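Heads up: the structure comes next, in structure tokens.
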Amino acid sequence: MKSKNKVMIILTIIVSVFVAGCSNQDDKAFEVPFDGTMDHVHGLGYAGNDEGLYFASHTGLKIYRNGKWFKTSENFNDYMGFAAVNKGFYSSGHPGEDSNLPNPIGLQRSFDGGKTLEKIGFEGESDFHVMAVGFSSHDIILLNEQKNSKLVEGIYLSEDNGESWIEVTASGLDGDILSLSIHPSNSKYIAAATNSGVYLSSDKGGNFTLISEREAVGTAVFFNEENLYFVSYDKNPKFEKFNIDNDEIENMYLPELYDDGPVFIAQNPKDTKQLAIYTIKGQAYVSSDYSETWEQILIDNRVK
């Protein structure tokens with residue numbers, strides 16, 4: 001009996017190792033090396049807990065991790081809206097050629113790196129280009145540009161993962177909205193970049209105040225727990241940090257950009273010194289020293 005039990009234990013271990021090995025191979029197979037050009041990047045962020053910097057592109061996800069580039073081997077969806085969260089990402093857009101999702105895909109989320117998508121709502125109805133999700137709260141703020149079965153045109157906030165929506169009044173917000181951001185855990189803070197500047201709300205979007213220079217165009221906004229990072233453009237791009245507790249503004253640094261400026265900002269939640277930007281002309285840079293120096297990782301949307 002003892003010998004038989006020992007054999008059974010060994011077999012169980014072997015099977016477990018084999019299954020685990022197959023699982024790891026499957027995990028690796030979903031991401032394959034990437035050396036090419038990505039089209040129409042619509043979002044950027046450190047999604048989940050794997051240190052990867054995710055780019056939402058016209059042909060699916062591209063990932064920059066530990067100095068190497070990867071792409072997914074399936075799910076080539078056109079992720080038009082994209083928001084990284086602590087467990088993965090939320091997105092909107094259109095299905096890829098390999099997908100059986102309706103067009104548009106509405107609002108979806110993935111907590112496994114993009115292998116599977118979970119429906120939040122609006123499938124076959126809406127494509128949200130401008131959206132943001134709280135990194136830890138998962139509260140959703142979005143711009144609805146066309147009427148659907150639930151929402152008319154406007155800016156909406158959901159604090160229950162899309163079960164219900166509240167239209168925000170956005171008093172004081174001026175211009176066409178180019179980008180939105182919502183605080184990681186406290187959804188009373190919402191920021192908007194418009195062609196009239198960068199605006200901040202501290203009452204869940206009820207009222208907004210201009211925090212950038214009045215003549216500048218707002219191009220990018222990003223929250224961490226303490227600060228709002230934003231970029232505005234007036235002849236040249238300007239990268240700044242706004243402390244939400246004391247309203248102090250501090251200048252950050254940018255790489256040399258010629259007739260160009262960041263449209264997306266990301267920060268690694270595991271290492272706040274790590275920043276990333278993506279620009280209008282398809283350049284991407286990463287910094288490991290809080291913007292003091294930058295390394296270019298995309299040149300005209302082609303990996304470096």
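Going by the structure tokens order, chains are called A, B, ..., each with residues numbered from 1, while ligands are numbered from 1 in the order shown.
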Neighbour list for A:Ile211 as a list in words, cut-off 7 Å, only C-alpha atoms, skip fewer than 6 positions in-chain: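 My reading of the contact set: Val198, Tyr199 and Leu200 of chain A.
Using only C-alpha atoms, the protein and nucleic acid residues lying no more than 10 Å from A:Gln146, apart from those fewer than 2 places from it along its own chain, are Glu125, Ser126, Asp127, Phe128, Leu143, Asn144, Asn148, Leu151, Val152, Glu153 and Gly154 of chain A.
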Spatial neighbours of A:Gly93, max dist 8 Å, only C-alpha atoms, sep filter under 6 positions, as a list in words: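 With the cut-off at 8 Å, the set is Asn77, Asp78, Tyr79, Met80, Gly81, Pro104, Ile105, Gly106, Leu107, Asp127, Phe128 and His129 of chain A.
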Distance of atom CA of A:Phe55 from atom CA of A:Thr37, expressed in Å to one decimal place: 11.9 Å
Non-local contacts of A:Ala84 (9 Å; only C-alpha atoms; under 5 positions in same chain excluded) as a PyMOL selection string: chain A and resi 43-48+54+89-91+132-135
Serialized selection, N, CA and C atoms, as a CSV table (one decimal), in the first residue's frame:
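The resulting file, out19.csv, is reproduced below:
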```csv
chain,number,residue,atom,x,y,z
A,43,GLY,N,-4.3,54.5,-26.9
A,43,GLY,CA,-4.2,54.4,-25.5
A,43,GLY,C,-2.9,53.8,-25.0
A,44,LEU,N,-2.6,54.1,-23.8
A,44,LEU,CA,-1.3,53.7,-23.3
A,44,LEU,C,-1.4,53.5,-21.8
A,45,GLY,N,-0.8,52.4,-21.2
A,45,GLY,CA,-0.9,52.3,-19.8
A,45,GLY,C,-0.2,51.0,-19.3
A,46,TYR,N,0.1,51.0,-18.0
A,46,TYR,CA,0.6,49.8,-17.3
A,46,TYR,C,-0.6,49.0,-16.8
A,47,ALA,N,-0.9,48.0,-17.5
A,47,ALA,CA,-2.2,47.3,-17.2
A,47,ALA,C,-1.8,46.0,-16.4
A,48,GLY,N,-2.6,45.8,-15.3
A,48,GLY,CA,-2.4,44.7,-14.5
A,48,GLY,C,-1.1,44.7,-13.7
A,54,TYR,N,1.4,48.7,-22.1
A,54,TYR,CA,0.4,48.3,-23.1
A,54,TYR,C,0.1,49.5,-24.0
A,89,PHE,N,-7.4,45.9,-18.1
A,89,PHE,CA,-7.8,47.1,-18.8
A,89,PHE,C,-9.3,47.1,-19.2
A,90,TYR,N,-9.8,48.3,-19.5
A,90,TYR,CA,-11.1,48.5,-20.0
A,90,TYR,C,-10.9,49.1,-21.4
A,91,SER,N,-11.8,48.8,-22.3
A,91,SER,CA,-11.6,49.3,-23.7
A,91,SER,C,-12.9,49.3,-24.5
A,132,ALA,N,-12.1,56.9,-19.5
A,132,ALA,CA,-11.1,56.7,-18.4
A,132,ALA,C,-11.7,55.8,-17.3
A,133,VAL,N,-10.9,55.1,-16.6
A,133,VAL,CA,-11.3,54.2,-15.6
A,133,VAL,C,-10.4,54.3,-14.4
A,134,GLY,N,-10.9,54.4,-13.2
A,134,GLY,CA,-10.1,54.5,-12.0
A,134,GLY,C,-9.2,53.3,-11.8
A,135,PHE,N,-8.0,53.5,-11.6
A,135,PHE,CA,-7.0,52.4,-11.6
A,135,PHE,C,-7.4,51.3,-10.6
```
Residue set, stretch 194-232 of chain A restricted to strand (DSSP E or B), as an MDAnalysis selection string: chainID A and resid 194 197:201 207 209:210 217:223 227:232
Selection near stretch 214-223 of chain A, 7 Å with only C-alpha atoms, sequence-local residues under 6 positions removed, as a VMD selection string: chain A and resid 178 to 184 191 to 198 229 to 234 262 to 266
Filtered DSSP result for stretch 15-179 of chain A, state helix (DSSP H, G or I), as number ranges by chain: A: 15-30
Computed interatomic separation between atom CA of A:Thr209 and atom CA of A:Ser92 (Å):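 Between atom CA of A:Thr209 and atom CA of A:Ser92 the gap is 28.1 Å.
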